[in-house]
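S.K.: The file below is entry-v5.cif, mmCIF, C-alpha atoms:
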data_query
loop_
_atom_site.group_PDB
_atom_site.id
_atom_site.type_symbol
_atom_site.label_atom_id
_atom_site.label_comp_id
_atom_site.auth_asym_id
_atom_site.auth_seq_id
_atom_site.Cartn_x
_atom_site.Cartn_y
_atom_site.Cartn_z
ATOM 1 C CA GLU A 29 -231.089 5.444 116.602
ATOM 2 C CA THR A 30 -231.030 9.217 116.204
ATOM 3 C CA LEU A 31 -230.754 11.536 113.214
ATOM 4 C CA MET A 32 -229.200 14.470 115.028
ATOM 5 C CA PRO A 33 -226.075 14.761 112.818
ATOM 6 C CA LYS A 34 -228.159 14.738 109.657
ATOM 7 C CA ASN A 35 -230.536 17.341 111.013
ATOM 8 C CA GLY A 36 -227.628 19.432 112.162
ATOM 9 C CA VAL A 37 -226.150 19.438 108.668
ATOM 10 C CA GLU A 38 -229.515 20.368 107.149
ATOM 11 C CA GLU A 39 -229.960 23.200 109.638
ATOM 12 C CA GLU A 40 -226.482 24.535 108.874
ATOM 13 C CA GLU A 41 -227.201 24.415 105.137
ATOM 14 C CA ASP A 42 -230.503 26.220 105.676
ATOM 15 C CA ASP A 43 -228.690 28.900 107.686
ATOM 16 C CA ASP A 44 -226.189 29.367 104.874
ATOM 17 C CA ASP A 45 -229.028 29.747 102.355
ATOM 18 C CA ASP A 46 -230.695 32.329 104.581
ATOM 19 C CA ASP A 47 -227.418 34.249 104.824
ATOM 20 C CA ASP A 48 -227.040 34.286 101.032
ATOM 21 C CA GLU A 49 -230.604 35.604 100.541
ATOM 22 C CA HIS A 50 -230.424 38.095 103.382
ATOM 23 C CA GLU A 51 -231.398 41.613 102.356
ATOM 24 C CA ILE A 52 -229.589 44.386 104.173
ATOM 25 C CA ASP A 53 -231.975 46.916 105.703
ATOM 26 C CA ALA A 54 -231.175 50.581 106.179
ATOM 27 C CA TYR A 55 -231.486 50.333 109.951
ATOM 28 C CA GLU A 56 -228.722 47.709 110.020
ATOM 29 C CA ILE A 57 -226.105 49.815 108.215
ATOM 30 C CA GLY A 58 -227.273 53.371 108.903
ATOM 31 C CA ILE A 59 -228.658 56.085 106.673
ATOM 32 C CA MET A 60 -225.273 57.374 105.501
ATOM 33 C CA GLU A 61 -224.100 53.915 104.471
ATOM 34 C CA THR A 62 -227.388 53.372 102.636
ATOM 35 C CA TYR A 63 -226.892 56.527 100.573
ATOM 36 C CA LYS A 64 -223.281 55.529 99.965
ATOM 37 C CA ARG A 65 -224.451 52.221 98.532
ATOM 38 C CA LEU A 66 -227.072 53.930 96.375
ATOM 39 C CA TRP A 67 -224.489 56.370 95.058
ATOM 40 C CA SER A 68 -222.314 53.388 94.145
ATOM 41 C CA VAL A 69 -225.290 51.972 92.255
ATOM 42 C CA VAL A 70 -225.822 55.258 90.373
ATOM 43 C CA LYS A 71 -222.166 55.235 89.260
ATOM 44 C CA LEU A 72 -222.580 51.873 87.519
ATOM 45 C CA PRO A 73 -222.506 52.341 83.700
ATOM 46 C CA ALA A 74 -225.501 50.025 83.287
ATOM 47 C CA VAL A 75 -227.582 52.018 85.763
ATOM 48 C CA GLN A 76 -226.531 55.329 84.175
ATOM 49 C CA SER A 77 -227.743 54.093 80.789
ATOM 50 C CA LEU A 78 -231.029 52.981 82.334
ATOM 51 C CA ILE A 79 -231.470 56.332 84.087
ATOM 52 C CA LEU A 80 -230.905 58.177 80.803
ATOM 53 C CA ILE A 81 -233.627 56.070 79.183
ATOM 54 C CA LEU A 82 -236.051 56.588 82.073
ATOM 55 C CA LEU A 83 -235.549 60.367 82.086
ATOM 56 C CA THR A 84 -236.044 60.898 78.351
ATOM 57 C CA TYR A 85 -238.494 58.430 76.835
ATOM 58 C CA ARG A 86 -241.658 60.041 78.238
ATOM 59 C CA LEU A 87 -241.206 63.483 76.637
ATOM 60 C CA PRO A 88 -242.498 62.482 73.162
ATOM 61 C CA CYS A 89 -245.589 60.962 74.834
ATOM 62 C CA ALA A 90 -246.288 63.859 77.188
ATOM 63 C CA LEU A 91 -249.127 65.397 75.166
ATOM 64 C CA SER A 92 -251.106 62.152 75.055
ATOM 65 C CA ASP A 93 -250.440 61.476 78.719
ATOM 66 C CA ASN A 94 -251.238 64.914 80.127
ATOM 67 C CA VAL A 95 -253.017 67.190 77.639
ATOM 68 C CA LYS A 96 -255.138 65.054 75.326
ATOM 69 C CA PHE A 97 -258.265 64.772 77.467
ATOM 70 C CA LEU A 98 -257.945 68.357 78.694
ATOM 71 C CA LYS A 99 -257.960 69.443 75.072
ATOM 72 C CA ALA A 100 -260.921 67.157 74.318
ATOM 73 C CA VAL A 101 -262.920 68.764 77.151
ATOM 74 C CA GLU A 102 -261.943 72.190 75.819
ATOM 75 C CA PHE A 103 -263.249 71.137 72.394
ATOM 76 C CA GLY A 104 -266.594 70.150 73.882
ATOM 77 C CA LEU A 105 -266.300 66.572 75.180
ATOM 78 C CA SER A 106 -268.236 66.275 78.427
ATOM 79 C CA LYS A 107 -266.404 65.485 81.657
ATOM 80 C CA GLN A 108 -268.946 62.730 82.341
ATOM 81 C CA THR A 109 -267.832 60.967 79.157
ATOM 82 C CA THR A 110 -264.150 61.145 80.077
ATOM 83 C CA ALA A 111 -264.951 59.874 83.584
ATOM 84 C CA LEU A 112 -266.875 56.943 82.085
ATOM 85 C CA LEU A 113 -263.883 55.829 80.020
ATOM 86 C CA SER A 114 -261.754 54.923 83.029
ATOM 87 C CA PRO A 115 -263.818 52.094 84.601
ATOM 88 C CA THR A 116 -265.089 50.750 81.276
ATOM 89 C CA ILE A 117 -261.888 50.746 79.189
ATOM 90 C CA ILE A 118 -258.738 51.738 81.084
ATOM 91 C CA LEU A 119 -259.218 49.573 84.190
ATOM 92 C CA PRO A 120 -259.969 46.252 82.410
ATOM 93 C CA LEU A 121 -257.102 46.762 79.981
ATOM 94 C CA GLY A 122 -254.766 47.614 82.847
ATOM 95 C CA ILE A 123 -255.498 44.168 84.293
ATOM 96 C CA LEU A 124 -255.493 42.076 81.113
ATOM 97 C CA VAL A 125 -252.678 43.629 79.076
ATOM 98 C CA PRO A 126 -249.766 42.783 81.472
ATOM 99 C CA ILE A 127 -250.904 39.148 81.595
ATOM 100 C CA ILE A 128 -251.108 38.875 77.812
ATOM 101 C CA GLY A 129 -247.867 40.816 77.312
ATOM 102 C CA THR A 130 -245.955 38.503 79.650
ATOM 103 C CA LYS A 131 -247.100 35.472 77.659
ATOM 104 C CA ILE A 132 -246.159 37.030 74.309
ATOM 105 C CA TRP A 133 -242.713 38.432 75.224
ATOM 106 C CA GLN A 134 -241.747 35.685 77.682
ATOM 107 C CA GLY A 135 -238.786 36.947 79.698
ATOM 108 C CA ARG A 136 -237.899 39.789 77.272
ATOM 109 C CA PRO A 137 -239.281 42.882 78.991
ATOM 110 C CA LEU A 138 -237.266 45.461 77.061
ATOM 111 C CA LYS A 139 -238.371 44.011 73.726
ATOM 112 C CA GLN A 140 -241.938 44.440 74.971
ATOM 113 C CA PHE A 141 -241.032 47.964 76.097
ATOM 114 C CA MET A 142 -239.692 49.007 72.683
ATOM 115 C CA PHE A 143 -242.604 47.472 70.763
ATOM 116 C CA ALA A 144 -245.075 49.471 72.848
ATOM 117 C CA TYR A 145 -242.985 52.634 72.572
ATOM 118 C CA LYS A 146 -242.799 52.522 68.765
ATOM 119 C CA PHE A 147 -246.565 52.118 68.667
ATOM 120 C CA ARG A 148 -246.986 54.878 71.242
ATOM 121 C CA VAL A 149 -245.139 57.651 69.410
ATOM 122 C CA THR A 150 -246.643 56.875 65.987
ATOM 123 C CA VAL A 151 -250.042 55.164 65.825
ATOM 124 C CA VAL A 152 -251.333 56.357 69.197
ATOM 125 C CA ALA A 153 -250.342 59.962 68.449
ATOM 126 C CA LEU A 154 -252.091 59.814 65.067
ATOM 127 C CA VAL A 155 -255.300 58.390 66.562
ATOM 128 C CA ASP A 156 -255.232 61.072 69.275
ATOM 129 C CA VAL A 157 -255.048 63.838 66.659
ATOM 130 C CA LEU A 158 -257.907 62.325 64.634
ATOM 131 C CA MET A 159 -260.007 61.984 67.768
ATOM 132 C CA LEU A 160 -259.475 65.620 68.778
ATOM 133 C CA LEU A 161 -260.251 66.874 65.282
ATOM 134 C CA THR A 162 -263.477 64.879 65.349
ATOM 135 C CA VAL A 163 -264.455 66.240 68.768
ATOM 136 C CA ARG A 164 -263.749 69.789 67.619
ATOM 137 C CA SER A 165 -265.843 69.258 64.485
ATOM 138 C CA PHE A 166 -268.788 68.031 66.563
ATOM 139 C CA ARG A 167 -268.444 71.018 68.845
ATOM 140 C CA GLY A 168 -268.693 73.278 65.818
ATOM 141 C CA GLY A 169 -272.122 71.816 65.086
ATOM 142 C CA ASN A 170 -271.032 69.586 62.203
ATOM 143 C CA THR A 171 -272.571 66.261 63.286
ATOM 144 C CA SER A 172 -272.440 64.823 59.763
ATOM 145 C CA LEU A 173 -268.800 64.213 58.913
ATOM 146 C CA ILE A 174 -268.874 61.251 56.523
ATOM 147 C CA GLY A 175 -271.865 59.318 55.241
ATOM 148 C CA GLY A 176 -274.542 60.888 57.373
ATOM 149 C CA GLU A 177 -275.075 61.557 61.060
ATOM 150 C CA THR A 178 -275.153 57.903 62.171
ATOM 151 C CA THR A 179 -271.862 57.076 60.458
ATOM 152 C CA SER A 180 -270.289 60.238 61.853
ATOM 153 C CA ARG A 181 -271.282 59.307 65.397
ATOM 154 C CA LEU A 182 -269.838 55.837 64.919
ATOM 155 C CA ILE A 183 -266.577 57.436 63.749
ATOM 156 C CA PHE A 184 -266.627 59.795 66.741
ATOM 157 C CA TRP A 185 -267.129 57.041 69.318
ATOM 158 C CA GLY A 186 -264.796 54.665 67.505
ATOM 159 C CA LEU A 187 -261.946 57.176 67.554
ATOM 160 C CA LEU A 188 -262.638 58.124 71.165
ATOM 161 C CA ILE A 189 -262.620 54.502 72.324
ATOM 162 C CA ALA A 190 -259.598 53.636 70.139
ATOM 163 C CA SER A 191 -257.609 56.600 71.465
ATOM 164 C CA THR A 192 -258.366 55.677 75.068
ATOM 165 C CA ALA A 193 -257.803 51.952 74.625
ATOM 166 C CA LEU A 194 -254.539 52.253 72.679
ATOM 167 C CA GLN A 195 -253.061 54.625 75.220
ATOM 168 C CA ALA A 196 -254.057 52.280 78.058
ATOM 169 C CA ILE A 197 -252.557 49.289 76.239
ATOM 170 C CA VAL A 198 -249.157 50.825 75.467
ATOM 171 C CA HIS A 199 -248.921 52.394 78.934
ATOM 172 C CA SER A 200 -249.637 49.046 80.614
ATOM 173 C CA LEU A 201 -247.181 47.220 78.374
ATOM 174 C CA GLN A 202 -244.384 49.679 79.110
ATOM 175 C CA PHE A 203 -245.040 49.890 82.839
ATOM 176 C CA ASN A 204 -245.201 46.099 83.148
ATOM 177 C CA ALA A 205 -241.977 45.716 81.152
ATOM 178 C CA GLN A 206 -240.251 48.382 83.228
ATOM 179 C CA MET A 207 -241.149 46.808 86.580
ATOM 180 C CA THR A 208 -240.284 43.303 85.359
ATOM 181 C CA PHE A 209 -236.861 44.467 84.192
ATOM 182 C CA PHE A 210 -236.214 46.233 87.506
ATOM 183 C CA ALA A 211 -237.145 43.136 89.503
ATOM 184 C CA HIS A 212 -234.826 40.883 87.484
ATOM 185 C CA ARG A 213 -231.807 43.213 87.557
ATOM 186 C CA VAL A 214 -231.634 44.661 91.077
ATOM 187 C CA ASP A 215 -229.153 43.262 93.560
ATOM 188 C CA PRO A 216 -231.068 41.111 96.100
ATOM 189 C CA ALA A 217 -228.773 42.352 98.879
ATOM 190 C CA ILE A 218 -230.265 45.862 98.638
ATOM 191 C CA GLY A 219 -233.332 45.024 96.576
ATOM 192 C CA GLY A 220 -235.771 47.385 98.281
ATOM 193 C CA SER A 221 -233.510 50.442 98.121
ATOM 194 C CA TYR A 222 -232.415 49.579 94.577
ATOM 195 C CA MET A 223 -236.032 49.299 93.367
ATOM 196 C CA THR A 224 -236.932 52.570 95.085
ATOM 197 C CA LEU A 225 -234.031 54.326 93.372
ATOM 198 C CA LEU A 226 -235.011 53.106 89.903
ATOM 199 C CA ASN A 227 -238.694 53.859 90.465
ATOM 200 C CA THR A 228 -237.769 57.371 91.612
ATOM 201 C CA PHE A 229 -236.000 58.046 88.323
ATOM 202 C CA GLY A 230 -238.899 56.453 86.467
ATOM 203 C CA ASN A 231 -241.391 58.753 88.204
ATOM 204 C CA LEU A 232 -239.162 61.771 87.609
ATOM 205 C CA GLY A 233 -239.011 60.878 83.932
ATOM 206 C CA GLY A 234 -242.792 61.101 83.785
ATOM 207 C CA THR A 235 -243.090 64.299 85.847
ATOM 208 C CA TRP A 236 -240.794 66.810 84.189
ATOM 209 C CA PRO A 237 -242.158 66.322 80.622
ATOM 210 C CA SER A 238 -245.684 67.203 81.801
ATOM 211 C CA SER A 239 -244.446 70.552 83.107
ATOM 212 C CA VAL A 240 -242.566 71.214 79.876
ATOM 213 C CA VAL A 241 -245.478 70.475 77.529
ATOM 214 C CA MET A 242 -247.929 72.436 79.687
ATOM 215 C CA TYR A 243 -245.592 75.431 79.485
ATOM 216 C CA MET A 244 -245.111 75.025 75.729
ATOM 217 C CA ILE A 245 -248.853 74.721 75.110
ATOM 218 C CA GLY A 246 -249.406 77.953 77.038
ATOM 219 C CA GLN A 247 -246.609 79.787 75.267
ATOM 220 C CA PHE A 248 -247.469 78.862 71.691
ATOM 221 C CA THR A 249 -251.268 78.899 71.862
ATOM 222 C CA ILE A 250 -252.878 82.156 70.719
ATOM 223 C CA PRO A 251 -256.483 82.514 71.940
ATOM 224 C CA PRO A 252 -259.072 83.682 69.419
ATOM 225 C CA VAL A 253 -260.549 87.182 69.527
ATOM 226 C CA CYS A 254 -264.235 86.955 70.476
ATOM 227 C CA SER A 255 -266.986 89.526 70.083
ATOM 228 C CA VAL A 256 -270.758 89.634 70.306
ATOM 229 C CA GLY A 257 -272.528 89.627 66.957
ATOM 230 C CA GLU A 258 -275.604 91.558 65.946
ATOM 231 C CA ASP A 259 -277.843 88.615 66.822
ATOM 232 C CA GLY A 260 -276.335 88.397 70.315
ATOM 233 C CA SER A 261 -274.242 85.287 69.650
ATOM 234 C CA GLU A 262 -270.517 85.135 70.373
ATOM 235 C CA VAL A 263 -268.284 85.222 67.312
ATOM 236 C CA CYS A 264 -264.612 84.177 67.635
ATOM 237 C CA THR A 265 -261.977 84.687 64.950
ATOM 238 C CA GLY A 266 -258.263 84.088 64.643
ATOM 239 C CA GLY A 267 -256.221 82.271 67.234
ATOM 240 C CA ARG A 268 -253.840 79.348 66.990
ATOM 241 C CA ASP A 269 -253.945 75.965 68.766
ATOM 242 C CA ALA A 270 -250.443 74.736 69.577
ATOM 243 C CA TYR A 271 -251.460 71.130 70.283
ATOM 244 C CA PHE A 272 -251.346 69.788 66.733
ATOM 245 C CA PRO A 273 -247.996 71.259 65.566
ATOM 246 C CA LEU A 274 -246.488 70.375 68.927
ATOM 247 C CA GLN A 275 -247.698 66.792 68.576
ATOM 248 C CA LEU A 276 -245.961 66.582 65.200
ATOM 249 C CA VAL A 277 -242.732 67.873 66.726
ATOM 250 C CA LEU A 278 -242.887 65.442 69.656
ATOM 251 C CA SER A 279 -243.710 62.462 67.436
ATOM 252 C CA THR A 280 -240.689 63.316 65.304
ATOM 253 C CA LEU A 281 -238.634 63.569 68.485
ATOM 254 C CA GLY A 282 -239.946 60.149 69.531
ATOM 255 C CA CYS A 283 -238.830 58.605 66.230
ATOM 256 C CA MET A 284 -235.408 60.175 66.717
ATOM 257 C CA TRP A 285 -235.301 58.755 70.261
ATOM 258 C CA ILE A 286 -235.994 55.277 68.887
ATOM 259 C CA PHE A 287 -233.237 55.656 66.296
ATOM 260 C CA VAL A 288 -230.669 56.921 68.822
ATOM 261 C CA MET A 289 -231.573 54.986 71.960
ATOM 262 C CA SER A 290 -232.747 51.590 70.692
ATOM 263 C CA LYS A 291 -229.169 50.264 70.606
ATOM 264 C CA ARG A 292 -228.657 51.402 74.191
ATOM 265 C CA VAL A 293 -231.863 49.656 75.259
ATOM 266 C CA HIS A 294 -230.770 46.461 73.520
ATOM 267 C CA HIS A 295 -227.333 46.756 75.136
ATOM 268 C CA ILE A 296 -228.587 46.966 78.723
ATOM 269 C CA ALA A 297 -231.005 44.109 78.038
ATOM 270 C CA GLU A 298 -228.041 41.845 77.213
ATOM 271 C CA LEU A 299 -225.873 42.823 80.195
ATOM 272 C CA PRO A 300 -225.137 40.120 82.797
ATOM 273 C CA ASP A 301 -226.322 40.403 86.395
ATOM 274 C CA ASP A 302 -222.840 41.414 87.573
ATOM 275 C CA ALA A 303 -223.125 44.668 85.601
ATOM 276 C CA TRP A 304 -225.904 45.768 87.970
ATOM 277 C CA ARG A 305 -224.005 45.050 91.199
ATOM 278 C CA THR A 306 -221.383 47.082 93.034
ATOM 279 C CA GLN A 307 -218.047 45.924 94.420
ATOM 280 C CA ILE A 308 -218.909 47.430 97.818
ATOM 281 C CA GLU A 309 -221.871 45.109 98.189
ATOM 282 C CA ASN A 310 -219.785 42.022 97.317
ATOM 283 C CA GLU A 311 -217.076 42.924 99.840
ATOM 284 C CA ASP A 312 -219.634 43.600 102.585
ATOM 285 C CA GLU A 313 -221.414 40.317 101.889
ATOM 286 C CA GLU A 314 -218.131 38.383 102.217
ATOM 287 C CA GLU A 315 -217.298 40.150 105.484
ATOM 288 C CA MET A 316 -220.769 39.492 106.884
ATOM 289 C CA GLN A 317 -220.628 35.796 105.963
ATOM 290 C CA GLN A 318 -217.183 35.436 107.549
ATOM 291 C CA LEU A 319 -218.349 37.113 110.761
ATOM 292 C CA LYS A 320 -221.430 34.894 110.971
ATOM 293 C CA LYS A 321 -219.449 31.734 110.285
ATOM 294 C CA GLY A 322 -216.884 32.803 112.890
ATOM 295 C CA GLY A 323 -219.698 33.325 115.402
ATOM 296 C CA LYS A 324 -221.067 29.837 114.717
ATOM 297 C CA HIS A 325 -217.674 28.166 115.215
ATOM 298 C CA ALA A 326 -217.159 30.128 118.418
#
Go ahead and express the file in the form of structure tokens.

M.R.:
Amino acid sequence: ETLMPKNGVEEEEDDDDDDDEHEIDAYEIGIMETYKRLWSVVKLPAVQSLILILLTYRLPCALSDNVKFLKAVEFGLSKQTTALLSPTIILPLGILVPIIGTKIWQGRPLKQFMFAYKFRVTVVALVDVLMLLTVRSFRGGNTSLIGGETTSRLIFWGLLIASTALQAIVHSLQFNAQMTFFAHRVDPAIGGSYMTLLNTFGNLGGTWPSSVVMYMIGQFTIPPVCSVGEDGSEVCTGGRDAYFPLQLVLSTLGCMWIFVMSKRVHHIAELPDDAWRTQIENEDEEEMQQLKKGGKHA
């Protein structure tokens, strides 16, 4: 007694499953066809809304992301201290936070994204400002802020650690949510190219704000006028630091972003999978399946 017919049926079913999960590579369809497919993806309303979010949400956070520690070093914080923060605080949180976030917001990445963003443009920005003011006060020789020198040092290190840790937490939460959402929404037929496209816009959304805030800091900062005093020490007067008023403006902009864009974020979170797929891909998949089935029958 043989089981050839049964095995044959199972093999045919396995082949059909493989065909359904087959991802089209660029070398199979050519570079021009690949870009044509990606352009079709960009024209999808759901993808356009996502691109708008990715290109705009990082601007209100640009000072914390790109300027905060540069300003802290300018105010007198040693580079050795800033280098020590990465392996002791940022790295462990970068590992633990995505695991904890996934358990809390189970399968709701954009809800996780918005929670972290609201915290990022309000609380994190406030803690950053307090930390920089404390660093600048210590640089000025005032090591006794509140309740004596010991208490002041505790406040200094507490704000420094809190500023670093909070930024690492919200960044990890948002990045984890972003990648999880991408992975669940891309079309499996062109998954690799689709993910690359979305990540490209995500990276662009984090690149252009850094250039803008660096330019604005340079334009609106007025350096103090320094001279040598009678005792030989350097005396500086005047000047204006643009960081703090600019942080207020960007935090306000972040609150406006939440008010305007939160409905759009909620909308794309509720869209079905079909909203993220193009008609071209569906037609090509049907043609490919028909050709393969025709080849098998032949």

S.K.: Go ahead and compute the interatomic distance for CA of Phe141 in chain A and CA of Phe229 in chain A, in Å to one decimal.

M.R.: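 One can read the CA of Phe141 in chain A to CA of Phe229 in chain A distance as 16.6 Å.
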
S.K.: Using all atoms listed in the file, which of the listed residues (A:Val277, A:Leu299, A:Ala205, A:Ile127) sits closest to Leu87 in chain A?

M.R.: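 Smallest separation from Leu87 in chain A among the options: A:Val277.
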
S.K.: Give the answer as one residue: which of A:Leu82, A:Ala74, A:Leu113, A:Val149 has the shortest atom-to-atom distance to Arg305 in chain A, using all atoms listed in the file?

M.R.: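 Checking each candidate against Arg305 in chain A, we get A:Ala74 as the closest.
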
S.K.: Rank nothing, just name the residue among A:Gln195, A:Gly104, A:Met159, A:Ile81 nearest to Val288 in chain A, using only C-alpha atoms.

M.R.: A:Ile81

S.K.: Provide the CA of Ile197 in chain A to CA of Val125 in chain A distance in Å, to one decimal place.

M.R.: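 According to the coordinates, CA of Ile197 in chain A and CA of Val125 in chain A are separated by 6.3 Å.
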
S.K.: Have a look at A:Leu91, A:Leu194, A:Tyr145, A:Ile118 and name the one nearest to Leu276 in chain A; count all atoms listed in the file.

M.R.: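 With all atoms listed in the file as the atom set, the closest residue is A:Leu91.
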
S.K.: With all atoms listed in the file as the basis for distance, which of A:Gln134, A:Ser238, A:Thr162, A:Gln202 is at the shortest distance from Phe147 in chain A?

M.R.: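 The shortest atom-to-atom distance to Phe147 in chain A comes from A:Gln202.
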
S.K.: Could you work out how far CA of Lys139 in chain A lies from CA of Ala303 in chain A, giving the answer in Å with one decimal?

M.R.: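 Between CA of Ala303 in chain A and CA of Lys139 in chain A the gap is 19.3 Å.
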
S.K.: Using the chain letters and numbers from the file, give me the residues hit by the PyMOL selection byres ((chain A and resi 75-80) around 8), as a tab-separated table (two decimals) with C-alpha atoms, in the frame of the given file.

M.R.:
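As written to disk, selection25.tsv reads:
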chain	number	residue	atom	x	y	z
A	69	VAL	CA	-225.29	51.97	92.26
A	70	VAL	CA	-225.82	55.26	90.37
A	71	LYS	CA	-222.17	55.24	89.26
A	72	LEU	CA	-222.58	51.87	87.52
A	73	PRO	CA	-222.51	52.34	83.70
A	74	ALA	CA	-225.50	50.02	83.29
A	81	ILE	CA	-233.63	56.07	79.18
A	82	LEU	CA	-236.05	56.59	82.07
A	83	LEU	CA	-235.55	60.37	82.09
A	84	THR	CA	-236.04	60.90	78.35
A	226	LEU	CA	-235.01	53.11	89.90
A	229	PHE	CA	-236.00	58.05	88.32
A	230	GLY	CA	-238.90	56.45	86.47
A	292	ARG	CA	-228.66	51.40	74.19
A	293	VAL	CA	-231.86	49.66	75.26
A	296	ILE	CA	-228.59	46.97	78.72
A	304	TRP	CA	-225.90	45.77	87.97

S.K.: Residues near Phe248 in chain A, anyone? I mean within 12 Å using all atoms listed in the file, not counting same-chain ones fewer than 2 positions away, as number ranges by chain.

M.R.: A: 241-246, 250-251, 267-274

S.K.: Just so the selection is clear, what residues does the PyMOL selection byres ((chain A and resi 117) around 10) cover here, as a list in words?

M.R.: Leu112, Leu113, Ser114, Pro115, Thr116, Ile118, Leu119, Pro120, Leu121, Gly122, Ile189, Ala190, Thr192, Ala193, Leu194, Ala196 and Ile197 of chain A

S.K.: What do you get, as a PyMOL selection string, if you spell out every residue that the PyMOL selection byres ((chain A and resi 94) around 10) selects here?

M.R.: chain A and resi 89-93+95-99+234-235+237-239+241-242
